[in-house]
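K.L.:
I am sharing structure03.cif, which consists of mmCIF, N, CA, C and O atoms and all ligand atoms:
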data_work
loop_
_atom_site.label_atom_id
_atom_site.label_comp_id
_atom_site.auth_asym_id
_atom_site.auth_seq_id
_atom_site.Cartn_x
_atom_site.Cartn_y
_atom_site.Cartn_z
N MET A 17 90.79 83.07 127.13
CA MET A 17 90.38 82.21 126.03
C MET A 17 89.06 82.72 125.44
O MET A 17 88.23 83.23 126.16
N PRO A 18 88.89 82.54 124.15
CA PRO A 18 87.64 83.03 123.56
C PRO A 18 86.41 82.28 124.07
O PRO A 18 86.47 81.09 124.35
N LYS A 19 85.34 83.03 124.21
CA LYS A 19 84.10 82.46 124.72
C LYS A 19 83.04 82.56 123.63
O LYS A 19 82.88 83.62 123.03
N CYS A 20 82.34 81.47 123.41
CA CYS A 20 81.30 81.46 122.39
C CYS A 20 80.17 82.41 122.80
O CYS A 20 79.70 82.36 123.94
N GLN A 21 79.75 83.27 121.88
CA GLN A 21 78.70 84.25 122.17
C GLN A 21 77.31 83.62 122.14
O GLN A 21 76.35 84.23 122.59
N LYS A 22 77.21 82.39 121.64
CA LYS A 22 75.90 81.73 121.57
C LYS A 22 75.66 80.86 122.80
O LYS A 22 74.65 80.99 123.46
N CYS A 23 76.62 79.97 123.11
CA CYS A 23 76.40 79.03 124.22
C CYS A 23 77.23 79.36 125.45
O CYS A 23 77.04 78.78 126.50
N GLY A 24 78.17 80.30 125.32
CA GLY A 24 78.98 80.70 126.46
C GLY A 24 80.12 79.75 126.77
O GLY A 24 80.83 79.93 127.76
N GLY A 25 80.29 78.73 125.94
CA GLY A 25 81.36 77.76 126.16
C GLY A 25 82.72 78.33 125.83
O GLY A 25 82.85 79.10 124.88
N ASN A 26 83.69 77.97 126.63
CA ASN A 26 85.05 78.44 126.38
C ASN A 26 85.77 77.53 125.41
O ASN A 26 85.66 76.32 125.51
N TRP A 27 86.52 78.14 124.51
CA TRP A 27 87.29 77.37 123.55
C TRP A 27 88.67 77.13 124.15
O TRP A 27 89.20 77.98 124.85
N THR A 28 89.23 75.98 123.84
CA THR A 28 90.57 75.70 124.34
C THR A 28 91.59 76.38 123.43
O THR A 28 91.28 76.79 122.32
N TRP A 29 92.81 76.48 123.93
CA TRP A 29 93.90 77.11 123.18
C TRP A 29 94.10 76.40 121.84
O TRP A 29 94.21 77.03 120.81
N LYS A 30 94.12 75.07 121.91
CA LYS A 30 94.35 74.24 120.72
C LYS A 30 93.24 74.43 119.68
O LYS A 30 93.51 74.58 118.49
N GLN A 31 92.00 74.43 120.15
CA GLN A 31 90.86 74.61 119.24
C GLN A 31 90.93 75.97 118.55
O GLN A 31 90.67 76.09 117.36
N THR A 32 91.28 77.01 119.33
CA THR A 32 91.34 78.36 118.78
C THR A 32 92.42 78.49 117.73
O THR A 32 92.18 79.03 116.65
N VAL A 33 93.61 77.97 118.02
CA VAL A 33 94.72 78.06 117.07
C VAL A 33 94.38 77.29 115.80
O VAL A 33 94.59 77.78 114.70
N LYS A 34 93.82 76.12 115.97
CA LYS A 34 93.46 75.28 114.82
C LYS A 34 92.46 76.00 113.91
O LYS A 34 92.60 76.00 112.70
N LYS A 35 91.48 76.64 114.53
CA LYS A 35 90.47 77.35 113.76
C LYS A 35 91.01 78.64 113.15
O LYS A 35 90.55 79.09 112.11
N SER A 36 91.99 79.24 113.81
CA SER A 36 92.56 80.49 113.33
C SER A 36 93.42 80.30 112.09
O SER A 36 93.67 81.24 111.36
N PHE A 37 93.89 79.10 111.88
CA PHE A 37 94.77 78.85 110.75
C PHE A 37 94.05 78.82 109.40
O PHE A 37 94.68 78.89 108.37
N THR A 38 92.75 78.73 109.44
CA THR A 38 92.01 78.76 108.18
C THR A 38 91.82 80.22 107.78
O THR A 38 91.73 81.10 108.63
N LEU A 39 91.76 80.47 106.49
CA LEU A 39 91.59 81.84 106.01
C LEU A 39 90.17 82.35 106.21
O LEU A 39 89.91 83.54 106.20
N ASP A 40 89.26 81.42 106.42
CA ASP A 40 87.87 81.75 106.64
C ASP A 40 87.70 82.51 107.96
O ASP A 40 88.28 82.12 108.97
N THR A 41 86.93 83.59 107.95
CA THR A 41 86.72 84.35 109.19
C THR A 41 85.67 83.68 110.08
O THR A 41 85.55 84.00 111.24
N ARG A 42 84.93 82.74 109.48
CA ARG A 42 83.91 82.04 110.25
C ARG A 42 84.55 80.88 111.01
O ARG A 42 85.37 80.15 110.46
N MET A 43 84.21 80.74 112.26
CA MET A 43 84.75 79.65 113.06
C MET A 43 83.58 78.95 113.75
O MET A 43 82.77 79.60 114.40
N LYS A 44 83.55 77.64 113.60
CA LYS A 44 82.46 76.86 114.16
C LYS A 44 82.77 76.54 115.63
O LYS A 44 83.85 76.05 115.94
N CYS A 45 81.80 76.82 116.48
CA CYS A 45 81.99 76.54 117.91
C CYS A 45 82.06 75.03 118.13
O CYS A 45 81.20 74.29 117.65
N PRO A 46 83.07 74.56 118.87
CA PRO A 46 83.17 73.10 119.12
C PRO A 46 82.09 72.57 120.06
O PRO A 46 81.89 71.37 120.17
N HIS A 47 81.40 73.48 120.78
CA HIS A 47 80.37 73.06 121.73
C HIS A 47 78.98 73.01 121.12
O HIS A 47 78.25 72.04 121.29
N CYS A 48 78.59 74.09 120.42
CA CYS A 48 77.22 74.15 119.91
C CYS A 48 77.15 74.15 118.38
O CYS A 48 76.06 74.23 117.82
N SER A 49 78.31 74.11 117.72
CA SER A 49 78.40 74.09 116.26
C SER A 49 77.84 75.34 115.57
O SER A 49 77.60 75.34 114.38
N GLU A 50 77.65 76.40 116.35
CA GLU A 50 77.18 77.66 115.78
C GLU A 50 78.39 78.40 115.18
O GLU A 50 79.51 78.25 115.65
N ILE A 51 78.12 79.18 114.14
CA ILE A 51 79.19 79.92 113.51
C ILE A 51 79.52 81.17 114.33
O ILE A 51 78.63 81.93 114.71
N GLN A 52 80.80 81.34 114.60
CA GLN A 52 81.26 82.52 115.32
C GLN A 52 82.25 83.28 114.45
O GLN A 52 82.93 82.70 113.61
N PHE A 53 82.31 84.56 114.68
CA PHE A 53 83.23 85.39 113.90
C PHE A 53 84.24 86.06 114.83
O PHE A 53 83.99 86.23 116.02
N ILE A 54 85.34 86.47 114.23
CA ILE A 54 86.34 87.19 115.00
C ILE A 54 85.81 88.61 115.21
O ILE A 54 85.31 89.23 114.27
N SER A 55 85.87 89.11 116.43
CA SER A 55 85.32 90.43 116.71
C SER A 55 86.11 91.53 116.00
O SER A 55 87.26 91.36 115.62
N LYS A 56 85.46 92.66 115.86
CA LYS A 56 86.04 93.81 115.17
C LYS A 56 87.34 94.25 115.85
O LYS A 56 88.31 94.57 115.19
N ARG A 57 87.31 94.29 117.18
CA ARG A 57 88.46 94.74 117.96
C ARG A 57 89.67 93.82 117.73
O ARG A 57 90.78 94.28 117.51
N THR A 58 89.42 92.50 117.78
CA THR A 58 90.50 91.53 117.58
C THR A 58 91.07 91.67 116.17
O THR A 58 92.29 91.63 115.97
N ARG A 59 90.15 91.86 115.20
CA ARG A 59 90.60 91.97 113.83
C ARG A 59 91.46 93.22 113.61
O ARG A 59 92.41 93.20 112.85
N LYS A 60 91.09 94.29 114.31
CA LYS A 60 91.83 95.55 114.19
C LYS A 60 93.25 95.36 114.71
O LYS A 60 94.22 95.78 114.10
N TRP A 61 93.36 94.68 115.86
CA TRP A 61 94.67 94.44 116.46
C TRP A 61 95.52 93.51 115.63
O TRP A 61 96.71 93.74 115.43
N SER A 62 94.91 92.43 115.13
CA SER A 62 95.71 91.47 114.36
C SER A 62 96.14 92.05 113.02
O SER A 62 97.24 91.78 112.55
N SER A 63 95.29 92.92 112.43
CA SER A 63 95.71 93.51 111.16
C SER A 63 96.83 94.52 111.38
O SER A 63 97.71 94.69 110.53
N ALA A 64 96.82 95.19 112.54
CA ALA A 64 97.90 96.12 112.87
C ALA A 64 99.22 95.37 113.01
O ALA A 64 100.25 95.80 112.50
N LEU A 65 99.15 94.22 113.66
CA LEU A 65 100.35 93.39 113.83
C LEU A 65 100.83 92.82 112.50
O LEU A 65 102.02 92.77 112.23
N MET A 66 99.87 92.43 111.67
CA MET A 66 100.19 91.87 110.37
C MET A 66 100.85 92.92 109.45
O MET A 66 101.47 92.61 108.47
N PHE A 67 100.65 94.17 109.81
CA PHE A 67 101.22 95.26 109.05
C PHE A 67 102.62 95.59 109.59
O PHE A 67 103.54 95.87 108.83
N VAL A 68 102.76 95.53 110.90
CA VAL A 68 104.03 95.87 111.54
C VAL A 68 105.12 94.84 111.25
O VAL A 68 106.24 95.22 110.90
N ILE A 69 104.79 93.56 111.33
CA ILE A 69 105.79 92.52 111.13
C ILE A 69 106.45 92.59 109.74
O ILE A 69 107.68 92.67 109.67
N PRO A 70 105.70 92.65 108.63
CA PRO A 70 106.39 92.76 107.33
C PRO A 70 107.16 94.07 107.17
O PRO A 70 108.17 94.11 106.48
N LEU A 71 106.68 95.12 107.83
CA LEU A 71 107.34 96.42 107.76
C LEU A 71 108.73 96.35 108.40
O LEU A 71 109.71 96.85 107.84
N VAL A 72 108.80 95.70 109.53
CA VAL A 72 110.08 95.53 110.23
C VAL A 72 111.02 94.68 109.37
O VAL A 72 112.20 94.99 109.23
N LEU A 73 110.47 93.64 108.76
CA LEU A 73 111.27 92.77 107.90
C LEU A 73 111.80 93.54 106.69
O LEU A 73 112.94 93.35 106.27
N LEU A 74 110.97 94.42 106.16
CA LEU A 74 111.34 95.22 105.00
C LEU A 74 112.45 96.19 105.35
O LEU A 74 113.42 96.35 104.60
N LEU A 75 112.31 96.84 106.50
CA LEU A 75 113.33 97.77 106.97
C LEU A 75 114.65 97.05 107.20
O LEU A 75 115.73 97.59 106.96
N ASN A 76 114.54 95.83 107.61
CA ASN A 76 115.69 95.00 107.87
C ASN A 76 116.51 94.71 106.61
O ASN A 76 117.72 94.55 106.66
N ILE A 77 115.84 94.68 105.48
CA ILE A 77 116.52 94.45 104.21
C ILE A 77 117.39 95.66 103.85
O ILE A 77 118.51 95.52 103.39
N PHE A 78 116.86 96.84 104.13
CA PHE A 78 117.60 98.06 103.83
C PHE A 78 118.78 98.28 104.77
O PHE A 78 119.82 98.76 104.37
N TRP A 79 118.57 97.95 106.02
CA TRP A 79 119.66 98.01 106.96
C TRP A 79 120.38 96.67 106.86
O TRP A 79 120.05 95.83 106.05
N GLU A 80 121.31 96.48 107.73
CA GLU A 80 122.02 95.21 107.69
C GLU A 80 121.26 94.13 108.45
O GLU A 80 121.06 94.24 109.65
N PRO A 81 120.81 93.11 107.74
CA PRO A 81 120.09 92.07 108.47
C PRO A 81 121.04 91.27 109.35
O PRO A 81 122.08 90.80 108.89
N THR A 82 120.71 91.19 110.58
CA THR A 82 121.55 90.43 111.49
C THR A 82 120.77 89.21 111.98
O THR A 82 119.55 89.18 111.87
N LEU A 83 121.51 88.29 112.52
CA LEU A 83 120.89 87.07 113.03
C LEU A 83 119.94 87.42 114.18
O LEU A 83 118.88 86.83 114.32
N TRP A 84 120.35 88.48 114.96
CA TRP A 84 119.55 88.86 116.11
C TRP A 84 118.16 89.37 115.74
O TRP A 84 117.19 89.04 116.38
N THR A 85 118.11 90.17 114.66
CA THR A 85 116.80 90.69 114.25
C THR A 85 115.89 89.56 113.79
O THR A 85 114.69 89.58 114.06
N ILE A 86 116.49 88.56 113.15
CA ILE A 86 115.71 87.41 112.71
C ILE A 86 115.18 86.65 113.93
O ILE A 86 114.01 86.29 113.99
N VAL A 87 116.07 86.48 114.91
CA VAL A 87 115.68 85.77 116.14
C VAL A 87 114.56 86.54 116.85
O VAL A 87 113.57 85.94 117.28
N ILE A 88 114.71 87.88 116.92
CA ILE A 88 113.70 88.72 117.57
C ILE A 88 112.36 88.61 116.84
O ILE A 88 111.31 88.45 117.46
N MET A 89 112.41 88.63 115.51
CA MET A 89 111.18 88.51 114.72
C MET A 89 110.49 87.17 114.95
O MET A 89 109.27 87.12 115.06
N ILE A 90 111.29 86.11 115.02
CA ILE A 90 110.72 84.78 115.28
C ILE A 90 110.06 84.76 116.66
O ILE A 90 108.97 84.23 116.84
N CYS A 91 110.73 85.41 117.62
CA CYS A 91 110.20 85.48 118.99
C CYS A 91 108.87 86.24 119.01
O CYS A 91 107.91 85.79 119.64
N ILE A 92 108.81 87.38 118.31
CA ILE A 92 107.59 88.18 118.26
C ILE A 92 106.46 87.38 117.61
O ILE A 92 105.35 87.31 118.12
N ALA A 93 106.80 86.72 116.49
CA ALA A 93 105.80 85.94 115.76
C ALA A 93 105.26 84.79 116.60
O ALA A 93 104.06 84.55 116.62
N SER A 94 106.16 84.10 117.33
CA SER A 94 105.70 82.98 118.13
C SER A 94 104.93 83.44 119.36
O SER A 94 103.96 82.80 119.76
N THR A 95 105.33 84.60 119.93
CA THR A 95 104.60 85.14 121.07
C THR A 95 103.18 85.51 120.64
O THR A 95 102.20 85.25 121.33
N TYR A 96 103.10 86.09 119.46
CA TYR A 96 101.81 86.49 118.90
C TYR A 96 100.92 85.26 118.72
O TYR A 96 99.76 85.26 119.12
N LEU A 97 101.49 84.21 118.16
CA LEU A 97 100.74 82.98 117.91
C LEU A 97 100.27 82.33 119.21
O LEU A 97 99.12 81.93 119.33
N VAL A 98 101.19 82.27 120.19
CA VAL A 98 100.87 81.61 121.47
C VAL A 98 99.82 82.41 122.24
O VAL A 98 98.90 81.85 122.82
N SER A 99 99.94 83.76 122.21
CA SER A 99 99.02 84.59 123.00
C SER A 99 97.71 84.88 122.28
O SER A 99 96.75 85.33 122.90
N TYR A 100 97.66 84.61 121.00
CA TYR A 100 96.46 84.93 120.21
C TYR A 100 95.15 84.43 120.83
O TYR A 100 94.22 85.22 120.97
N PRO A 101 95.05 83.16 121.24
CA PRO A 101 93.78 82.71 121.83
C PRO A 101 93.40 83.44 123.11
O PRO A 101 92.23 83.44 123.49
N TYR A 102 94.37 84.08 123.78
CA TYR A 102 94.07 84.77 125.04
C TYR A 102 93.38 86.11 124.82
O TYR A 102 92.65 86.57 125.68
N TRP A 103 93.66 86.74 123.70
CA TRP A 103 93.01 88.03 123.47
C TRP A 103 92.00 88.03 122.34
O TRP A 103 91.39 89.04 122.03
N LEU A 104 91.79 86.84 121.75
CA LEU A 104 90.80 86.73 120.68
C LEU A 104 89.39 86.84 121.26
O LEU A 104 89.07 86.22 122.26
N GLU A 105 88.57 87.63 120.63
CA GLU A 105 87.18 87.78 121.05
C GLU A 105 86.28 87.33 119.92
O GLU A 105 86.55 87.58 118.76
N LEU A 106 85.18 86.68 120.31
CA LEU A 106 84.25 86.18 119.30
C LEU A 106 83.01 87.06 119.21
O LEU A 106 82.67 87.77 120.15
N SER A 107 82.38 87.00 118.07
CA SER A 107 81.20 87.79 117.83
C SER A 107 80.18 86.94 117.07
O SER A 107 80.55 86.04 116.32
N ASN A 108 78.89 87.24 117.26
CA ASN A 108 77.84 86.50 116.55
C ASN A 108 77.68 86.95 115.11
O ASN A 108 77.19 86.22 114.27
N GLU A 109 78.06 88.21 114.88
CA GLU A 109 77.91 88.74 113.52
C GLU A 109 79.27 88.98 112.91
O GLU A 109 80.24 89.21 113.60
N GLU A 110 79.24 88.97 111.61
CA GLU A 110 80.47 89.26 110.91
C GLU A 110 80.60 90.78 110.78
O GLU A 110 79.81 91.44 110.12
N ASN A 111 81.59 91.34 111.46
CA ASN A 111 81.83 92.77 111.38
C ASN A 111 82.84 93.02 110.28
O ASN A 111 83.95 92.53 110.34
N LEU A 112 82.45 93.78 109.32
CA LEU A 112 83.38 94.09 108.25
C LEU A 112 84.47 95.01 108.78
O LEU A 112 84.18 95.90 109.59
N PRO A 113 85.71 94.76 108.37
CA PRO A 113 86.80 95.56 108.95
C PRO A 113 86.73 97.05 108.64
O PRO A 113 87.34 97.85 109.34
N PHE A 114 86.04 97.42 107.60
CA PHE A 114 85.99 98.86 107.29
C PHE A 114 84.57 99.42 107.35
O PHE A 114 83.63 98.72 107.05
ZN ZN B 201 78.96 77.68 121.23
#
Would you give me this structure, written as structure tokens?
P.N.:
Amino acid sequence: MPKCQKCGGNWTWKQTVKKSFTLDTRMKCPHCSEIQFISKRTRKWSSALMFVIPLVLLLNIFWEPTLWTIVIMICIASTYLVSYPYWLELSNEENLPF
């Protein structure tokens, strides 16, 4: 679970997912109310995944889309969502992705 870099408090799974759903990269710590950012490493991984998922979907249009590929994609997407708080890392500064 992500740990606040200011107060060291651990965020719960629910808090992390809730905060991740906003487009804002800033996330307020539920313990100390300090602003935390998604670390560079986490952002690199999530952007890689965000690139792979639509790519697979696109390839699926050219090939024959089957029910199984849709099911597999849903599984990957939900696994990603469920596991996200486990590998999310927080940072005190906003690291620009590039
Ligand atoms: Zn905190």
K.L.:
Could you check which of A:Ser99, A:Ser49, A:Thr38, A:Gln31 is closest to ligand ZN 201 (chain B), using all atoms listed in the file?
P.N.:
A:Ser49
K.L.:
Within 7 Å of ligand ZN 201 (chain B), which residues of chain A show up? Give each one with its shortest atom-to-atom distance in Å (one decimal) and the two atoms involved, counting only N, CA, C and O atoms and all ligand atoms, rows by chain then rising residue number, as a tab-separated table.
P.N.:
residue	atom	partner	partner_atom	distance
A:Lys19	C	B:ZN201	ZN	6.8
A:Cys20	CA	B:ZN201	ZN	4.6
A:Gln21	N	B:ZN201	ZN	5.7
A:Lys22	C	B:ZN201	ZN	4.8
A:Cys23	N	B:ZN201	ZN	3.8
A:Gly24	N	B:ZN201	ZN	4.9
A:Gly25	N	B:ZN201	ZN	5.0
A:Lys44	C	B:ZN201	ZN	6.9
A:Cys45	CA	B:ZN201	ZN	4.6
A:Pro46	N	B:ZN201	ZN	5.7
A:His47	C	B:ZN201	ZN	4.7
A:Cys48	N	B:ZN201	ZN	3.7
A:Ser49	N	B:ZN201	ZN	5.0
A:Glu50	N	B:ZN201	ZN	5.2
K.L.:
Based on the backbone DSSP call, show me all residues of chain A assigned helix (DSSP H, G or I), as a ChimeraX atom specification.
P.N.:
/A:29-36,56-78,83-103
K.L.:
For each of A:Leu73, A:Trp103, A:Trp61, A:Glu109, take the minimum atom-to-atom distance to A:Thr41, counting only N, CA, C and O atoms, then give the residue where this is smallest.
P.N.:
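Between A:Leu73, A:Trp103, A:Trp61, A:Glu109, the residue approaching A:Thr41 most closely is A:Glu109.
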K.L.:
Around stretch 50-53 of chain A, with edges along x, y and z and 8 Å added on all six sides, what centre and edge lengths do you get, in Å to one decimal, as lines of an AutoDock Vina configuration file?
P.N.:
center_x = 80.7
center_y = 81.3
center_z = 114.9
size_x = 23.1
size_y = 25.8
size_z = 18.8
K.L.:
Identify which of the residues A:Ile54, A:Met17, A:Ala64, A:Val72 lies closest to A:Pro101, counting all atoms listed in the file when measuring atom-to-atom distances.
P.N.:
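Nearest to A:Pro101: A:Met17.
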K.L.:
When you draw a straight line from atom N of A:Asp40 to atom N of A:Leu74, how long is it in Å?
P.N.:
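These two atoms are separated by 25.3 Å.
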K.L.:
At a cut-off of 6 Å, using only N, CA, C and O atoms, what residues contact stretch 28-30 of chain A? Leave out same-chain residues fewer than 4 positions from it and give the result as a list in words.
P.N.:
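My reading of the contact set: Pro18, Lys34, Lys35 and Pro101 of chain A.
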K.L.:
When DSSP is applied to the backbone of this structure, which of chain A are assigned strand (DSSP E or B)? Write them out as a list in words.
P.N.:
Lys19, Asn26, Arg42, Met43, Lys44, Ile51, Gln52, Phe53, Ile54, Leu106 and Ser107 of chain A
K.L.:
In Å to one decimal, how far is atom C of A:Val68 from atom O of A:Ile51?
P.N.:
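Taking atom O of A:Ile51 and atom C of A:Val68, their separation equals 29.7 Å.
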K.L.:
Could you please determine the separation between atom CA of A:Met43 and atom CA of A:Leu97 in Å, to one decimal place?
P.N.:
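Between atom CA of A:Met43 and atom CA of A:Leu97 the gap works out to 17.0 Å.
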K.L.:
I need the residue nearest A:Ile86 from this list: A:Leu39, A:Thr32, A:Ile69, A:Trp27. Use only C-alpha atoms for the distance.
P.N.:
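Going through A:Leu39, A:Thr32, A:Ile69, A:Trp27 one by one, the smallest distance to A:Ile86 is for A:Ile69.
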K.L.:
Which residues, protein or nucleic acid, reach to within 8 Å of (81.9, 88.5, 112.6) in the file's coordinates when using only C-alpha atoms, and can you give that as a ChimeraX atom specification?
P.N.:
/A:41-42,52-56,106-112
K.L.:
Nearest to A:Ser36 among A:Tyr100, A:Phe67, A:Trp84, A:Trp79, with distances taken over only C-alpha atoms: which residue is it?
P.N.:
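Between A:Tyr100, A:Phe67, A:Trp84, A:Trp79, the residue approaching A:Ser36 most closely is A:Tyr100.
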